[in-house]
Amino acid sequence: MTPLNSFAQVASDQMSTVGRRTAVVAASSGLIVSMIGAAAPATAAPVDSESGKLNAVDLSALTAQAHQALEAAPAVVVDADASFAVEKATVSVTPAPEPEPEPEPVRVESTSRSQERTATTEQAAATTQQAEAPAEEQSVSVPDSAKGSTIISIASRYVGVPYVYGGTTPNGFDCSGFTSYVYAQAGISLPRTSGAQGSVGTKIPRSQAQPGDLIWTPGHIAIYAGGNSQIDAPRPGKTIQFRQIWQSNPTFIRVA
């Protein structure tokens, strides 16, 4: 809202009898205010072509408020050759960084479950090999050459203990549970599974094997008893016993 707004409203109300188009010339300030009737848009006052002068109106009809508005209105002077310049600013857009991908979930498998799966694989392999064992397989007595072996002496205490899947005590053994238990009694620590036991110690040729060495084949582990015999926990339904070596091309391992 400016003084000109008030002036235009007052002048429009006071000069409705003058006509559709009138012009108020403020000679003292050089400001020309165009007044238009309610039904027409604002236009410049018509110019008298003969005199070359702007049409004038009688200002005596204006109220005191309109006169005050005219006197207070500032003078606005604009050069004919004035120009405008629009400054353009360079805008750089930096895209938002791509979101970090969510890490893939990590699955942690418990030791007991891992051991259970390993034992299951071991049992399956042992069952397959035992099924392929020759029919004439039978228990044998401890060879005289093995009687001086500490490992064989300990192992012989458990002849007759039943095979128990996952067993590691005299209440029941599986193949690797038996060998690890016997070696532990002699102060030697072995891994729990047959696969891990097959990777310890030093591999030796059969000709150099001594009673107490390990005999390993995939899925099964036994203790060499000298000659062509071994002591082991065979398979479900069997017991700890001395018997002939039935495995084909077994690996002999010495663990100090």
# chains A, B, ... in the order shown; residues from 1 in each chain; ligands from 1
>>> select_by_dssp(residues="segment 156-207 of chain A", states="alpha helix (DSSP H)", output="CSV table (one decimal) with C-alpha atoms, in the first residue's frame")
chain,number,residue,atom,x,y,z
A,175,CYS,CA,37.1,-94.2,15.4
A,176,SER,CA,38.7,-90.8,15.9
A,177,GLY,CA,37.3,-90.5,19.4
A,178,PHE,CA,39.1,-93.8,20.3
A,179,THR,CA,42.5,-92.7,18.9
A,180,SER,CA,42.4,-89.3,20.4
A,181,TYR,CA,41.5,-90.7,23.8
A,182,VAL,CA,44.3,-93.3,23.7
A,183,TYR,CA,46.9,-90.8,22.6
A,184,ALA,CA,45.7,-88.4,25.3
A,185,GLN,CA,46.4,-91.1,28.0
A,194,SER,CA,39.8,-88.5,11.5
A,195,GLY,CA,40.3,-86.0,8.7
A,196,ALA,CA,42.3,-83.6,11.0
A,197,GLN,CA,44.3,-86.5,12.5
>>> residues_around(residues="Asn171 of chain A", least_positions_apart="4", cutoff="12 Å", atoms="only C-alpha atoms", output="ChimeraX atom specification")
/A:158-167,177-178,181,239-240
>>> write_last_selection(atoms="N, CA and C atoms", output="compact mmCIF listing (two decimals), in the first residue's frame")
# COMPACT_ATOMS: atom_id res chain seq x y z
N TYR A 158 40.70 -101.14 26.24
CA TYR A 158 39.33 -100.81 25.85
C TYR A 158 38.75 -101.80 24.83
N VAL A 159 39.39 -102.94 24.69
CA VAL A 159 38.84 -103.98 23.82
C VAL A 159 37.46 -104.38 24.37
N GLY A 160 36.48 -104.41 23.49
CA GLY A 160 35.11 -104.74 23.88
C GLY A 160 34.21 -103.54 24.10
N VAL A 161 34.78 -102.31 24.16
CA VAL A 161 33.94 -101.11 24.30
C VAL A 161 33.17 -100.91 22.99
N PRO A 162 31.86 -100.66 23.05
CA PRO A 162 31.06 -100.55 21.83
C PRO A 162 31.36 -99.29 21.02
N TYR A 163 31.10 -99.43 19.74
CA TYR A 163 31.19 -98.26 18.86
C TYR A 163 29.98 -97.38 19.12
N VAL A 164 30.21 -96.10 19.37
CA VAL A 164 29.14 -95.12 19.56
C VAL A 164 29.47 -93.91 18.69
N TYR A 165 28.53 -93.56 17.85
CA TYR A 165 28.74 -92.41 16.97
C TYR A 165 28.98 -91.14 17.80
N GLY A 166 30.10 -90.47 17.57
CA GLY A 166 30.45 -89.27 18.32
C GLY A 166 31.04 -89.55 19.67
N GLY A 167 31.25 -90.84 20.02
CA GLY A 167 31.74 -91.19 21.35
C GLY A 167 33.20 -90.87 21.53
N GLY A 177 37.41 -90.71 18.01
CA GLY A 177 37.28 -90.53 19.45
C GLY A 177 38.16 -91.50 20.21
N PHE A 178 38.28 -92.74 19.68
CA PHE A 178 39.11 -93.76 20.31
C PHE A 178 40.59 -93.39 20.22
N TYR A 181 41.53 -90.39 22.38
CA TYR A 181 41.49 -90.71 23.80
C TYR A 181 42.73 -91.52 24.22
N THR A 239 32.60 -103.58 18.27
CA THR A 239 33.31 -103.13 19.47
C THR A 239 34.79 -102.91 19.16
N ILE A 240 35.49 -102.28 20.10
CA ILE A 240 36.94 -102.09 19.96
C ILE A 240 37.59 -103.48 19.91
>>> residues_around(residues="Gly227 of chain A", least_positions_apart="2", cutoff="10 Å", atoms="only C-alpha atoms", output="PDB file with N, CA, C and O atoms, in the first residue's frame")
ATOM      1  N   VAL A 142      46.993-109.751  20.019  1.00  0.00           N
ATOM      2  CA  VAL A 142      48.037-108.726  19.939  1.00  0.00           C
ATOM      3  C   VAL A 142      49.353-109.383  19.562  1.00  0.00           C
ATOM      4  O   VAL A 142      49.804-110.320  20.225  1.00  0.00           O
ATOM      5  N   PRO A 143      49.996-108.923  18.497  1.00  0.00           N
ATOM      6  CA  PRO A 143      51.299-109.492  18.114  1.00  0.00           C
ATOM      7  C   PRO A 143      52.329-109.274  19.221  1.00  0.00           C
ATOM      8  O   PRO A 143      52.279-108.284  19.958  1.00  0.00           O
ATOM      9  N   ASP A 144      53.242-110.194  19.328  1.00  0.00           N
ATOM     10  CA  ASP A 144      54.283-110.084  20.351  1.00  0.00           C
ATOM     11  C   ASP A 144      55.100-108.810  20.182  1.00  0.00           C
ATOM     12  O   ASP A 144      55.538-108.197  21.157  1.00  0.00           O
ATOM     13  N   SER A 145      55.265-108.384  18.920  1.00  0.00           N
ATOM     14  CA  SER A 145      56.077-107.192  18.660  1.00  0.00           C
ATOM     15  C   SER A 145      55.409-105.927  19.173  1.00  0.00           C
ATOM     16  O   SER A 145      56.077-104.902  19.342  1.00  0.00           O
ATOM     17  N   ALA A 146      54.097-105.984  19.442  1.00  0.00           N
ATOM     18  CA  ALA A 146      53.388-104.786  19.877  1.00  0.00           C
ATOM     19  C   ALA A 146      53.290-104.679  21.383  1.00  0.00           C
ATOM     20  O   ALA A 146      52.831-103.666  21.913  1.00  0.00           O
ATOM     21  N   ALA A 209      56.676 -98.618   9.516  1.00  0.00           N
ATOM     22  CA  ALA A 209      55.649 -98.435  10.552  1.00  0.00           C
ATOM     23  C   ALA A 209      55.970 -99.252  11.794  1.00  0.00           C
ATOM     24  O   ALA A 209      56.511-100.362  11.710  1.00  0.00           O
ATOM     25  N   GLN A 210      55.630 -98.682  12.957  1.00  0.00           N
ATOM     26  CA  GLN A 210      55.839 -99.344  14.240  1.00  0.00           C
ATOM     27  C   GLN A 210      54.517 -99.379  15.006  1.00  0.00           C
ATOM     28  O   GLN A 210      53.650 -98.519  14.799  1.00  0.00           O
ATOM     29  N   PRO A 211      54.340-100.381  15.885  1.00  0.00           N
ATOM     30  CA  PRO A 211      53.115-100.428  16.689  1.00  0.00           C
ATOM     31  C   PRO A 211      52.889 -99.106  17.438  1.00  0.00           C
ATOM     32  O   PRO A 211      53.815 -98.553  18.030  1.00  0.00           O
ATOM     33  N   TYR A 224      48.048 -98.771  14.448  1.00  0.00           N
ATOM     34  CA  TYR A 224      48.804 -99.919  13.944  1.00  0.00           C
ATOM     35  C   TYR A 224      49.271-100.774  15.129  1.00  0.00           C
ATOM     36  O   TYR A 224      49.819-100.262  16.115  1.00  0.00           O
ATOM     37  N   ALA A 225      49.067-102.117  15.010  1.00  0.00           N
ATOM     38  CA  ALA A 225      49.431-103.050  16.098  1.00  0.00           C
ATOM     39  C   ALA A 225      50.555-103.994  15.705  1.00  0.00           C
ATOM     40  O   ALA A 225      50.832-104.961  16.410  1.00  0.00           O
ATOM     41  N   SER A 229      48.129-106.150  11.496  1.00  0.00           N
ATOM     42  CA  SER A 229      47.004-105.958  12.409  1.00  0.00           C
ATOM     43  C   SER A 229      46.881-104.514  12.870  1.00  0.00           C
ATOM     44  O   SER A 229      47.830-103.719  12.774  1.00  0.00           O
ATOM     45  N   GLN A 230      45.709-104.183  13.380  1.00  0.00           N
ATOM     46  CA  GLN A 230      45.409-102.854  13.889  1.00  0.00           C
ATOM     47  C   GLN A 230      44.376-102.981  15.003  1.00  0.00           C
ATOM     48  O   GLN A 230      43.720-104.017  15.144  1.00  0.00           O
ATOM     49  N   GLN A 244      42.706-107.640  11.458  1.00  0.00           N
ATOM     50  CA  GLN A 244      43.625-107.499  10.339  1.00  0.00           C
ATOM     51  C   GLN A 244      43.384-106.168   9.610  1.00  0.00           C
ATOM     52  O   GLN A 244      42.271-105.639   9.602  1.00  0.00           O
ATOM     53  N   ILE A 245      44.442-105.658   9.012  1.00  0.00           N
ATOM     54  CA  ILE A 245      44.327-104.431   8.216  1.00  0.00           C
ATOM     55  C   ILE A 245      43.587-104.785   6.924  1.00  0.00           C
ATOM     56  O   ILE A 245      44.064-105.607   6.133  1.00  0.00           O
TER      57      ILE A 245
END
>>> select_by_dssp(residues="segment 164-230 of chain A", states="strand (DSSP E or B)", output="list of chain:residue names")
A:Thr168, A:Thr169, A:Gly172, A:Phe173, A:Thr202, A:Lys203, A:Ile204, A:Leu214, A:Ile215, A:Trp216, A:Thr217, A:His220, A:Ile221, A:Ala222, A:Ile223, A:Tyr224, A:Ser229, A:Gln230
